[in-house]
Amino acid sequence: MSYPWEDWDHITKIDPDKDLVDGETFEDVCETGTDALEIGGTLDITEEKMERVVEATAKYDVPIYQEPSNPGVVIDDPALDGYLIPTVFNASDSFWITGAHKEWVRIEDGLDWDRTHTEAYIVMNPDSSVAEYTDADTDQSAEDVASFARVAERMFGQDIIYVEYSGTYGDPEKVCAAHDALDDATLFYGGGIHDYESAYEMGKCADVVVVGNLLHDKGVDAVRETVEGAKDATAELVDAE
Ligand SMILES: CC(C)=CCC/C(C)=C/CC/C(C)=C/CC/C(C)=C/COP(=O)(O)OP(=O)(O)O
Ligand SMILES: O=P(O)(O)OC[C@@H](O)CO
Ligand SMILES: [Mg+2]
């Protein structure tokens, strides 16, 4: 089975609760060269806010995925290419590993399984909302992170492993360790990517870099730089093969 994210280098994550920089549009976001849009955030997300972003981005070429932070915000919109459903491997509360998923399946009849995929998160920034929200155990060495990644791929059949430092730049050694532990699964990295260099450095370790806050704080020119960094990192890895 092949999946679209196997060809991606860069995702822009849009938080429906936050505004774009003044004067910028969703068309500008779609023209940054990013490979996909992921729409989601942890706090204060509603169906209405989700719908607004999907509507504004649907007419452009970039694929759009919803990343719901709880079952109550999932929207049924044909414009979505799919759903990327988190499961947090280092959550202390099993609700964030399988519990929310069970509730979702229980309340929702007729889930579109072909468009539904999971992301195996390893949450690493103790100060992020997502770490607090899921009560994640973020004290993980490179070896721990690599082992979680291997468990996710080999024992739980996950196609996407996501090392998440939301809000802060992570430790490339840990991200590279996760990458080395994987055979075929795709490694996403997100957290604190803010310029060409940071995208390039993490792009050397992860298959896909995810850029979030930068879009809302600095805007599309800054995001475009990170697209270039991520793409250059991949191109060099391919050349070296
Ligand atoms: C079963 C369904 C439909 C949903 C459950 C999904 C789960 C387990 C969610 C756990 C939390 C999670 C991993 C959410 C993904 C979104 C995310 C990481 C957003 C970024 O969060 P922060 O940057 O920390 O938050 P803010 O930007 O909102 O402060
Ligand atoms: O907002 P930033 O720090 O770029 O993180 C991106 C993403 O991984 C958040 O889920
Ligand atoms: Mg955020």
# chains A, B, ... in the order shown; residues from 1 in each chain; ligands from 1
>>> residues_near_ligand(ligand="ligand 3", cutoff="10 Å", atoms="only C-alpha atoms and all ligand atoms", output="number ranges by chain")
A: 13-15, 17-18, 40-43, 128-130, 165-168, 190-192, 211-214, 216
>>> residues_around(residues="Ser92 of chain A", least_positions_apart="6", cutoff="9 Å", atoms="only C-alpha atoms", output="list of chain:residue names")
A:Thr134, A:Asp135, A:Ala136, A:Asp137
>>> write_last_selection(atoms="N, CA, C and O atoms", output="PDB file, in the first residue's frame")
ATOM      1  N   THR A 134      -2.653  15.554  27.367  1.00  0.00           N
ATOM      2  CA  THR A 134      -2.621  14.084  27.314  1.00  0.00           C
ATOM      3  C   THR A 134      -1.825  13.498  28.472  1.00  0.00           C
ATOM      4  O   THR A 134      -1.647  12.293  28.549  1.00  0.00           O
ATOM      5  N   ASP A 135      -1.305  14.390  29.361  1.00  0.00           N
ATOM      6  CA  ASP A 135      -0.464  13.968  30.473  1.00  0.00           C
ATOM      7  C   ASP A 135       0.653  13.037  29.967  1.00  0.00           C
ATOM      8  O   ASP A 135       0.854  11.930  30.465  1.00  0.00           O
ATOM      9  N   ALA A 136       1.377  13.555  28.971  1.00  0.00           N
ATOM     10  CA  ALA A 136       2.410  12.737  28.326  1.00  0.00           C
ATOM     11  C   ALA A 136       3.666  12.650  29.192  1.00  0.00           C
ATOM     12  O   ALA A 136       4.039  13.621  29.856  1.00  0.00           O
ATOM     13  N   ASP A 137       4.301  11.515  29.174  1.00  0.00           N
ATOM     14  CA  ASP A 137       5.580  11.335  29.857  1.00  0.00           C
ATOM     15  C   ASP A 137       6.673  11.701  28.857  1.00  0.00           C
ATOM     16  O   ASP A 137       7.066  10.887  28.016  1.00  0.00           O
TER      17      ASP A 137
END
>>> closest_residue(among="A:Asp61, A:Asp217, A:Asp171, A:Asp35", to="Asp9 of chain A", atoms="only C-alpha atoms")
A:Asp35
>>> closest_residue(among="A:Lys218, A:Lys204, A:Arg52, A:His117", to="Glu236 of chain A", atoms="only C-alpha atoms")
A:Lys204
